[in-house]
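**Student:** What follows is my_file-v2.cif, mmCIF, C-alpha atoms.
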data_model
#
loop_
_atom_site.label_atom_id
_atom_site.label_comp_id
_atom_site.auth_asym_id
_atom_site.auth_seq_id
_atom_site.Cartn_x
_atom_site.Cartn_y
_atom_site.Cartn_z
CA MET L 4 -5.62 -35.17 -19.08
CA PRO L 5 -7.85 -36.61 -16.41
CA VAL L 6 -11.53 -35.86 -16.43
CA GLY L 7 -12.45 -32.89 -14.22
CA THR L 8 -8.89 -31.99 -13.41
CA LEU L 9 -7.73 -28.96 -11.61
CA SER L 10 -9.21 -26.20 -9.64
CA THR L 11 -7.10 -23.32 -10.82
CA THR L 12 -7.71 -19.62 -10.69
CA ARG L 13 -9.63 -19.93 -13.87
CA GLU L 14 -12.06 -17.48 -15.27
CA PRO L 15 -15.70 -18.06 -15.34
CA ASP L 16 -16.76 -21.61 -14.61
CA ALA L 17 -16.04 -23.64 -17.69
CA LEU L 18 -19.39 -25.31 -17.15
CA ASP L 19 -21.07 -21.96 -17.44
CA PRO L 20 -23.97 -22.68 -19.77
CA VAL L 21 -23.04 -19.65 -21.86
CA MET L 22 -19.88 -21.07 -23.42
CA VAL L 23 -20.87 -19.82 -26.80
CA HIS L 24 -23.24 -17.13 -27.92
CA PRO L 25 -25.61 -17.56 -30.85
CA PRO L 26 -24.81 -15.39 -33.86
CA LYS L 27 -26.35 -11.93 -33.65
CA ASN L 28 -28.60 -12.48 -36.65
CA ILE L 29 -30.23 -15.50 -35.00
CA GLU L 30 -30.69 -13.65 -31.71
CA GLU L 31 -32.20 -10.64 -33.41
CA ARG L 32 -34.63 -12.67 -35.51
CA LEU L 33 -35.81 -14.61 -32.49
CA ARG L 34 -36.25 -11.51 -30.34
CA ASP L 35 -39.41 -10.65 -32.24
CA VAL L 36 -40.79 -14.14 -31.72
CA ILE L 37 -40.19 -13.96 -27.98
CA GLU L 38 -41.79 -10.52 -27.90
CA SER L 39 -44.84 -11.80 -29.75
CA LEU L 40 -45.36 -14.37 -27.02
CA ARG L 41 -46.12 -11.56 -24.58
CA SER L 42 -49.60 -11.51 -26.11
CA VAL L 43 -50.17 -15.09 -24.96
CA PRO L 44 -52.74 -15.02 -22.13
CA GLY L 45 -50.95 -15.57 -18.79
CA PHE L 46 -47.46 -15.26 -20.32
CA VAL L 47 -44.64 -15.17 -17.77
CA SER L 48 -41.44 -15.96 -19.66
CA ALA L 49 -40.13 -17.96 -22.58
CA ALA L 50 -36.91 -19.42 -23.89
CA VAL L 51 -35.80 -20.81 -27.20
CA THR L 52 -33.25 -23.53 -26.75
CA ARG L 53 -31.08 -25.32 -29.20
CA ARG L 54 -31.91 -29.02 -29.49
CA ASP L 55 -29.04 -29.89 -27.12
CA GLY L 56 -30.20 -27.47 -24.39
CA LEU L 57 -28.08 -24.40 -25.16
CA VAL L 58 -29.99 -21.15 -24.61
CA ILE L 59 -30.54 -19.28 -27.87
CA LYS L 60 -32.90 -16.52 -26.76
CA HIS L 61 -34.96 -15.94 -23.63
CA SER L 62 -37.01 -13.43 -21.70
CA PHE L 63 -36.09 -14.55 -18.17
CA ALA L 64 -34.56 -12.08 -15.73
CA ARG L 65 -31.36 -14.10 -15.44
CA VAL L 66 -29.67 -16.35 -17.98
CA ARG L 67 -29.10 -19.00 -15.33
CA GLU L 68 -32.86 -19.47 -14.97
CA ALA L 69 -33.18 -19.86 -18.71
CA ALA L 70 -30.18 -22.20 -18.84
CA GLY L 71 -31.67 -24.61 -16.34
CA LEU L 72 -35.00 -24.56 -18.10
CA CYS L 73 -33.44 -25.06 -21.53
CA ALA L 74 -31.34 -28.02 -20.41
CA MET L 75 -34.41 -29.65 -18.88
CA ALA L 76 -36.64 -28.83 -21.85
CA ALA L 77 -34.19 -30.45 -24.25
CA ALA L 78 -33.94 -33.55 -22.08
CA MET L 79 -37.73 -33.75 -21.66
CA VAL L 80 -38.40 -33.42 -25.38
CA GLY L 81 -35.70 -36.01 -26.08
CA ALA L 82 -37.19 -38.42 -23.56
CA ALA L 83 -40.73 -37.83 -24.83
CA ARG L 84 -39.58 -38.37 -28.38
CA ALA L 85 -37.90 -41.68 -27.49
CA THR L 86 -41.02 -42.76 -25.58
CA GLY L 87 -43.36 -41.84 -28.43
CA VAL L 88 -41.29 -43.76 -30.95
CA GLU L 89 -40.98 -46.75 -28.60
CA LEU L 90 -44.74 -46.83 -28.15
CA GLY L 91 -45.41 -46.41 -31.85
CA GLN L 92 -47.10 -43.06 -31.24
CA GLY L 93 -44.83 -40.90 -33.38
CA VAL L 94 -43.05 -37.78 -32.19
CA PRO L 95 -44.51 -35.46 -29.55
CA GLU L 96 -46.23 -32.24 -30.67
CA TYR L 97 -46.14 -30.46 -27.35
CA GLY L 98 -46.07 -31.21 -23.65
CA PHE L 99 -46.78 -29.34 -20.46
CA PHE L 100 -46.13 -29.55 -16.75
CA GLN L 101 -48.48 -28.01 -14.27
CA PHE L 102 -46.53 -26.83 -11.26
CA HIS L 103 -47.85 -25.45 -8.00
CA SER L 104 -47.58 -21.89 -9.28
CA GLY L 105 -47.47 -22.10 -13.04
CA ILE L 106 -47.55 -24.13 -16.22
CA LEU L 107 -44.59 -24.91 -18.43
CA VAL L 108 -45.42 -25.61 -22.08
CA ILE L 109 -42.72 -27.15 -24.23
CA GLN L 110 -42.98 -27.44 -27.98
CA ASP L 111 -40.71 -28.60 -30.78
CA ALA L 112 -39.68 -25.72 -33.01
CA GLY L 113 -38.19 -27.59 -35.93
CA PRO L 114 -35.11 -29.78 -36.07
CA GLU L 115 -32.86 -27.23 -34.44
CA ALA L 116 -34.81 -25.73 -31.57
CA ILE L 117 -37.36 -26.12 -28.80
CA LEU L 118 -39.63 -23.46 -27.36
CA ALA L 119 -40.32 -23.47 -23.61
CA CYS L 120 -42.97 -21.09 -22.36
CA LEU L 121 -43.91 -20.46 -18.73
CA ILE L 122 -47.46 -19.26 -18.18
CA ARG L 123 -49.60 -18.57 -15.14
CA LYS L 124 -51.44 -21.48 -13.55
CA ASP L 125 -54.89 -20.00 -14.17
CA THR L 126 -54.26 -19.69 -17.92
CA ASP L 127 -56.63 -21.42 -20.32
CA LEU L 128 -54.32 -23.83 -22.15
CA GLY L 129 -56.81 -24.12 -25.00
CA VAL L 130 -56.22 -20.45 -25.70
CA ALA L 131 -52.49 -20.32 -24.97
CA ILE L 132 -51.29 -23.38 -26.90
CA PRO L 133 -52.34 -22.17 -30.39
CA HIS L 134 -50.36 -18.97 -29.75
CA ILE L 135 -47.34 -21.00 -28.65
CA SER L 136 -47.69 -23.35 -31.62
CA HIS L 137 -47.72 -20.37 -33.96
CA ALA L 138 -44.57 -18.99 -32.32
CA SER L 139 -42.80 -22.35 -32.61
CA ASP L 140 -43.68 -22.48 -36.32
CA THR L 141 -42.17 -19.03 -36.74
CA ILE L 142 -39.00 -20.13 -34.92
CA ARG L 143 -38.67 -23.16 -37.19
CA GLU L 144 -39.13 -21.03 -40.32
CA THR L 145 -36.72 -18.40 -39.03
CA LEU L 146 -33.97 -20.92 -38.31
CA GLU L 147 -34.53 -22.73 -41.59
CA ALA L 148 -34.14 -19.45 -43.45
CA LEU L 149 -30.80 -18.69 -41.80
CA MET O 6 -0.96 -18.00 -41.70
CA ILE O 7 -1.80 -21.64 -41.13
CA HIS O 8 -0.24 -23.42 -38.15
CA ARG O 9 -0.04 -27.19 -38.16
CA PHE O 10 1.03 -29.31 -35.24
CA ALA O 11 1.65 -33.04 -35.34
CA LEU O 12 3.66 -35.56 -33.34
CA SER O 13 6.06 -38.23 -34.54
CA ASP O 14 6.07 -41.72 -32.99
CA GLU O 15 9.08 -40.72 -30.91
CA GLU O 16 7.38 -37.56 -29.66
CA SER O 17 4.24 -39.49 -28.82
CA ASN O 18 6.32 -41.95 -26.78
CA ALA O 19 8.13 -39.08 -25.06
CA GLU O 20 4.83 -37.41 -24.18
CA PHE O 21 3.50 -40.69 -22.81
CA GLN O 22 6.58 -40.89 -20.57
CA HIS O 23 6.12 -37.28 -19.44
CA VAL O 24 2.32 -37.05 -19.09
CA SER O 25 1.37 -40.54 -17.95
CA LYS O 26 4.49 -41.38 -15.96
CA ASP O 27 6.63 -38.42 -14.89
CA LEU O 28 3.73 -36.16 -13.92
CA LEU O 29 1.74 -38.92 -12.21
CA GLU O 30 2.37 -39.45 -8.51
CA HIS O 31 1.08 -42.32 -6.42
CA ASN O 32 -0.02 -41.76 -2.83
CA ALA O 33 0.56 -45.21 -1.39
CA ALA O 34 -1.34 -44.52 1.84
CA GLN O 35 -4.47 -43.60 -0.08
CA GLY O 36 -3.86 -45.87 -3.02
CA VAL O 37 -4.74 -42.84 -5.11
CA ASN O 38 -2.87 -41.09 -7.91
CA TYR O 39 -2.35 -37.37 -8.40
CA TRP O 40 -1.30 -35.58 -11.56
CA ALA O 41 0.98 -32.59 -12.03
CA GLY O 42 0.54 -31.40 -8.45
CA SER O 43 -3.22 -31.23 -8.71
CA PRO O 44 -5.10 -31.87 -5.46
CA PHE O 45 -7.67 -33.84 -7.43
CA PRO O 46 -7.35 -37.65 -7.54
CA THR O 47 -6.50 -39.11 -10.93
CA MET O 48 -7.22 -42.63 -12.11
CA LEU O 49 -7.06 -44.89 -15.09
CA ILE O 50 -10.43 -45.54 -16.67
CA TRP O 51 -11.38 -47.56 -19.73
CA ALA O 52 -12.21 -45.30 -22.67
CA GLY O 53 -15.35 -47.38 -23.15
CA ARG O 54 -16.67 -46.17 -19.81
CA VAL O 55 -16.44 -42.56 -21.00
CA TYR O 56 -18.35 -43.64 -24.10
CA ASP O 57 -20.93 -45.25 -21.81
CA PHE O 58 -21.78 -41.84 -20.33
CA LEU O 59 -23.00 -40.84 -23.78
CA ARG O 60 -24.56 -44.16 -24.73
CA VAL O 61 -26.61 -44.55 -21.56
CA MET O 62 -27.82 -40.96 -21.56
CA GLU O 63 -28.76 -40.89 -25.22
CA GLU O 64 -30.98 -43.93 -24.73
CA ILE O 65 -33.00 -41.87 -22.28
CA VAL O 66 -32.98 -38.29 -23.57
CA GLY O 67 -31.82 -38.66 -27.16
CA PHE O 68 -28.58 -37.77 -28.89
CA TYR O 69 -28.34 -33.99 -28.62
CA PRO O 70 -29.07 -33.49 -24.91
CA ALA O 71 -26.74 -36.41 -24.13
CA TRP O 72 -24.19 -34.98 -26.56
CA ARG O 73 -24.21 -31.65 -24.73
CA GLN O 74 -23.73 -33.08 -21.24
CA SER O 75 -20.79 -35.15 -22.44
CA TYR O 76 -19.43 -32.13 -24.33
CA LEU O 77 -19.67 -29.94 -21.22
CA VAL O 78 -17.64 -32.36 -19.11
CA GLY O 79 -15.05 -32.65 -21.86
CA TYR O 80 -15.02 -28.86 -22.20
CA ARG O 81 -14.10 -28.39 -18.57
CA SER O 82 -11.38 -30.99 -18.83
CA GLY O 83 -9.93 -29.28 -21.89
CA ALA O 84 -10.16 -25.77 -20.50
CA ASP O 85 -8.60 -26.84 -17.20
CA GLY O 86 -5.96 -28.86 -18.98
CA ALA O 87 -4.92 -25.86 -21.03
CA ALA O 88 -4.87 -23.70 -17.88
CA VAL O 89 -2.58 -26.17 -16.11
CA ASN O 90 -0.29 -26.35 -19.09
CA GLU O 91 0.09 -22.60 -19.03
CA THR O 92 1.68 -23.14 -15.64
CA VAL O 93 3.61 -26.29 -16.52
CA GLY O 94 5.25 -24.59 -19.46
CA GLN O 95 6.28 -21.39 -17.75
CA GLU O 96 9.98 -22.22 -17.98
CA SER O 97 9.80 -21.81 -21.72
CA PRO O 98 8.83 -18.31 -22.85
CA ALA O 99 7.72 -19.64 -26.23
CA ARG O 100 5.06 -21.71 -24.52
CA SER O 101 3.42 -18.64 -23.13
CA THR O 102 2.09 -17.79 -26.53
CA ARG O 103 -1.43 -18.80 -27.33
CA VAL O 104 -0.54 -20.76 -30.41
CA ARG O 105 2.11 -22.68 -28.56
CA LEU O 106 -0.39 -23.57 -25.87
CA LEU O 107 -2.77 -24.78 -28.54
CA SER O 108 -0.07 -27.06 -29.90
CA ARG O 109 0.42 -28.60 -26.44
CA GLY O 110 -3.06 -30.06 -26.74
CA ALA O 111 -1.81 -32.64 -29.22
CA ALA O 112 1.05 -33.61 -26.94
CA ILE O 113 -1.12 -33.96 -23.86
CA LEU O 114 -3.76 -36.04 -25.64
CA ALA O 115 -1.18 -38.44 -27.06
CA GLY O 116 0.69 -38.56 -23.76
CA ALA O 117 -2.49 -39.34 -21.84
CA GLY O 118 -3.49 -42.04 -24.30
CA TRP O 119 -6.56 -40.26 -25.64
CA GLY O 120 -5.35 -40.38 -29.23
CA ARG O 121 -2.68 -38.90 -31.45
CA CYS O 122 -3.85 -35.93 -33.41
CA THR O 123 -2.88 -33.18 -35.77
CA ILE O 124 -4.05 -29.65 -35.01
CA GLU O 125 -4.47 -27.12 -37.78
CA TYR O 126 -5.13 -23.48 -37.00
CA ASP O 127 -5.85 -20.93 -39.70
CA GLU O 128 -5.23 -17.52 -38.17
CA GLU O 129 -7.00 -15.63 -40.91
CA SER O 130 -10.26 -17.53 -40.90
CA ASN O 131 -9.96 -18.41 -37.20
CA ARG O 132 -10.79 -22.01 -38.06
CA VAL O 133 -9.31 -24.86 -36.08
CA ARG O 134 -9.27 -28.56 -36.91
CA TRP O 135 -8.21 -31.42 -34.70
CA GLU O 136 -7.79 -34.66 -36.59
CA PHE O 137 -7.10 -38.09 -35.10
CA PRO O 138 -5.95 -40.19 -38.07
CA HIS O 139 -6.43 -43.44 -36.17
CA GLY O 140 -9.43 -42.30 -34.12
CA THR O 141 -9.73 -41.17 -30.52
CA ALA O 142 -9.57 -43.74 -27.73
CA ILE O 143 -13.28 -43.19 -27.14
CA GLY O 144 -14.16 -43.58 -30.81
CA LEU O 145 -12.14 -46.81 -30.95
CA ALA O 146 -13.90 -48.05 -27.83
CA ALA O 147 -17.28 -47.22 -29.35
CA ARG O 148 -16.36 -49.15 -32.49
CA GLN O 149 -15.68 -52.22 -30.35
CA GLU O 150 -19.34 -52.16 -29.37
CA GLY O 151 -20.61 -52.00 -32.95
CA LEU O 152 -20.93 -49.19 -35.44
CA ARG O 153 -23.25 -46.32 -34.63
CA THR O 154 -24.93 -43.78 -36.87
CA LYS O 155 -23.91 -40.73 -34.82
CA PRO O 156 -20.50 -39.50 -33.62
CA ALA O 157 -19.26 -41.15 -30.44
CA CYS O 158 -16.84 -38.53 -29.15
CA PRO O 159 -18.70 -35.43 -27.86
CA PHE O 160 -16.46 -35.64 -24.79
CA ILE O 161 -13.40 -35.14 -27.01
CA ALA O 162 -15.24 -32.47 -29.03
CA GLY O 163 -15.81 -30.63 -25.75
CA PHE O 164 -12.20 -31.18 -24.71
CA VAL O 165 -10.77 -29.71 -27.90
CA ALA O 166 -13.24 -26.82 -27.65
CA GLY O 167 -12.22 -26.07 -24.07
CA TRP O 168 -8.53 -26.36 -24.89
CA THR O 169 -8.79 -24.26 -28.04
CA ASN O 170 -10.89 -21.54 -26.44
CA ARG O 171 -8.63 -21.35 -23.40
CA ALA O 172 -5.50 -21.26 -25.54
CA LEU O 173 -6.65 -18.84 -28.23
CA GLY O 174 -9.19 -16.80 -26.26
CA THR O 175 -11.86 -17.76 -28.76
CA GLU O 176 -15.49 -18.78 -28.38
CA LEU O 177 -15.75 -21.68 -30.79
CA GLU O 178 -17.76 -24.85 -30.81
CA PHE O 179 -16.52 -28.10 -32.30
CA GLU O 180 -18.39 -30.55 -34.44
CA GLU O 181 -17.20 -34.10 -34.98
CA THR O 182 -17.51 -34.50 -38.73
CA LYS O 183 -15.89 -37.94 -38.89
CA CYS O 184 -15.80 -40.65 -36.26
CA VAL O 185 -14.31 -44.13 -36.26
CA GLY O 186 -17.22 -45.13 -34.03
CA ARG O 187 -19.54 -44.82 -37.02
CA GLY O 188 -17.22 -46.39 -39.53
CA ASP O 189 -15.15 -43.44 -40.71
CA ASP O 190 -11.40 -43.93 -41.06
CA ARG O 191 -10.61 -41.17 -38.54
CA CYS O 192 -12.07 -38.82 -35.98
CA HIS O 193 -12.19 -35.23 -37.18
CA PHE O 194 -13.26 -32.18 -35.21
CA GLU O 195 -13.98 -28.93 -36.96
CA SER O 196 -14.55 -25.56 -35.33
CA VAL O 197 -17.83 -23.78 -36.01
CA GLU O 198 -19.06 -20.48 -34.67
CA PHE O 199 -22.40 -21.97 -33.74
CA LEU O 200 -23.39 -25.59 -34.04
CA ARG O 201 -26.54 -26.28 -36.06
CA PRO O 202 -28.22 -29.57 -35.09
CA LYS O 203 -28.71 -32.11 -37.86
CA GLN O 204 -32.09 -33.67 -38.61
CA GLU O 205 -30.58 -37.13 -39.11
CA TYR O 206 -29.20 -37.12 -35.58
CA ILE O 207 -32.62 -36.42 -34.11
CA GLU O 208 -34.58 -39.25 -35.74
#
Could you write out this structure as C-alpha cells?

**Tutor:**
Amino acid sequence: MPVGTLSTTREPDALDPVMVHPPKNIEERLRDVIESLRSVPGFVSAAVTRRDGLVIKHSFARVREAAGLCAMAAAMVGAARATGVELGQGVPEYGFFQFHSGILVIQDAGPEAILACLIRKDTDLGVAIPHISHASDTIRETLEAL
Amino acid sequence: MIHRFALSDEESNAEFQHVSKDLLEHNAAQGVNYWAGSPFPTMLIWAGRVYDFLRVMEEIVGFYPAWRQSYLVGYRSGADGAAVNETVGQESPARSTRVRLLSRGAAILAGAGWGRCTIEYDEESNRVRWEFPHGTAIGLAARQEGLRTKPACPFIAGFVAGWTNRALGTELEFEETKCVGRGDDRCHFESVEFLRPKQEYIE
C-alpha cells in the first residue's frame, strides 16, 4: 500500500489529531488540574499533552487549537531536551515563548505528559510559574497513580 | 472467538503478483505509476527512506514526537488502504465483513513488500496483534544501519492501527513491543486502548 494513497469518500480526516481518546478516568482526573490553573494570574488556556503530542485534556475553545499547541509543545520539549543533554546542561525544567499578545509556558509533567499554559502578556512570570509547576507536579502524580 | 490470519509462501507470492503487479499501472507519458485506479501517483521507495523520516526527526525533537508524526502518516495509509480494499473486494460478499477486511491487511502488506505478518483478533477482549515473524521491511532496513534502542516501525504501527480501526470500527492504538531494528527476532504490534509513554524511550 503506497504511502498517502487514495482520496476516497472517507470519514473524518484520518490525520485528525483526535484518533484516539484518553480513557475517561484520565480525563476526569486531569479536569481538576486544568480547572485549578484558572487561579494562575493572567490564565488564558491550558492543555495537557501526551509526550508524543496527543491532546489529553485542554481548556481551549476548539480541540484543533489545542492539537496544534500540543504537537508543537511536544516537539519543543523534545528539542529542548536534546539540546540540554548535548550541551551537558541536563533536562529542561520549563520554557516559555513571549508572543506579541501572550506568553506560552511549557513544562514537563512527568515521563508521560507535558503541560502547556497560555497566559496574558502582562502576567508576572515569577508569580505564574510556581502555580504552573505545582500543576505539572499534580499531573505527574495523577498519571503515575493510574 | 479468536480469529487468526496468516499467509503461506504461495499466498504471499500470489498477493505480490496481485498487489505489486496486477493492480499497478504505468503511465508511460508521465513515467509515473498508479495503483488500483487511484489518481495518486505511486512509486517504489527504499524501506530505509521511510525509516529515515523517523531517524532524522527523532534527532531533532526526540523519539515520541517523531514517533507520532511517523505514526500519523502510517495511520492514514492504513485507513485509506482498508477503505480502498472495501471497494476492491466488493465482488465477494464475505469480504464485506469487518473481520474479513481486517484479514486483507496481511495480504496487502505481504503483496506490497512491507512484510509478511500474522494477524490475531480476539473478539471478546477486542485485542488485536499483528506479528511479522521476520520483521517489517522498515525494521529490517533499520537493522542494516545498526541496532537501536527504540522501535523503528512507528509508520507500520500507524498503518496497522489505521487498517484495524477502519476495518473493525474501533479506536485502538498500537504499540510495537518487539522490533528487529533493536535486535528482537520479530516485529510485534499490540493493540492498546491508550498508549502510555515509556521512561526509557525518553532518556

**Student:** Name every residue that the PyMOL selection byres ((chain O) within 8 of (chain L)) selects in this structure, writing the answer as a VMD selection string with chains first and numbers rising.

**Tutor:** chain O and resid 43 to 45 47 to 48 64 to 73 77 to 86 88 to 89 113 to 114 117 167 176 to 178 198 to 199 201 to 204 207

**Student:** Just want the 6 Å neighbourhood of stretch 99-110 of chain L, counted on only C-alpha atoms, with same-chain residues fewer than 3 positions away dropped. Output as a ChimeraX atom specification.

**Tutor:** /L:117-124

**Student:** What is the atom CA of O:Glu91 to atom CA of O:Trp51 distance in Å?

**Tutor:**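 So the answer is 27.5 Å.
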
**Student:** Give me, please, the distance in Å between atom CA of O:Cys122 and atom CA of O:Asp57, quoted to one decimal.

**Tutor:** 22.7 Å

**Student:** At a cut-off of 12 Å around the point (-47.5, -16.4, -28.8) (file coordinates), what residues fall inside when counting all atoms listed in the file? I'd like the answer as a ChimeraX atom specification.

**Tutor:** /L:35-49,108,110,118-122,130-142

**Student:** Decode the PyMOL selection byres ((chain O and resi 155-159) around 8) for the given file into explicit residues and return them as a ChimeraX atom specification.

**Tutor:** /O:56,59,72-73,75-76,79,141,143-144,147,153-154,160-163,181-184,186-187,206

**Student:** Using the chain letters and numbers from the file, which residues does the PyMOL selection byres ((chain O and resi 123) around 6) grab, as a PyMOL selection string?

**Tutor:** chain O and resi 10-11+122+124+135-136

**Student:** Restricting the output to C-alpha atoms, write the selected residues as a PDB file, in the coordinates of the input.

**Tutor:**
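Saved the output as part-v6.pdb:
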ATOM      1  CA  PHE O  10       1.030 -29.310 -35.240  1.00  0.00           C
ATOM      2  CA  ALA O  11       1.650 -33.040 -35.340  1.00  0.00           C
ATOM      3  CA  CYS O 122      -3.850 -35.930 -33.410  1.00  0.00           C
ATOM      4  CA  ILE O 124      -4.050 -29.650 -35.010  1.00  0.00           C
ATOM      5  CA  TRP O 135      -8.210 -31.420 -34.700  1.00  0.00           C
ATOM      6  CA  GLU O 136      -7.790 -34.660 -36.590  1.00  0.00           C
TER       7      GLU O 136
END

**Student:** Please provide the set of residues having any atom within 8 Å of O:Gly120, restricted to all atoms listed in the file, with same-chain residues fewer than 5 positions apart removed, written as JSON, numbers by chain.

**Tutor:** {"O": [114, 115, 137, 139, 140, 141, 142]}

**Student:** For the atom pair atom CA of O:His8 and atom CA of O:Gly118, what is the interatomic distance in Å to one decimal place?

**Tutor:** 23.4 Å

**Student:** Build an axis-aligned box that encloses every atom of stretch 98-101 of chain L listed in the file, pad it by 4 Å on each side, and report its centre and edge lengths in Å to one decimal, as lines of an AutoDock Vina configuration file.

**Tutor:**
center_x = -47.3
center_y = -29.6
center_z = -19.0
size_x = 10.4
size_y = 11.2
size_z = 17.4
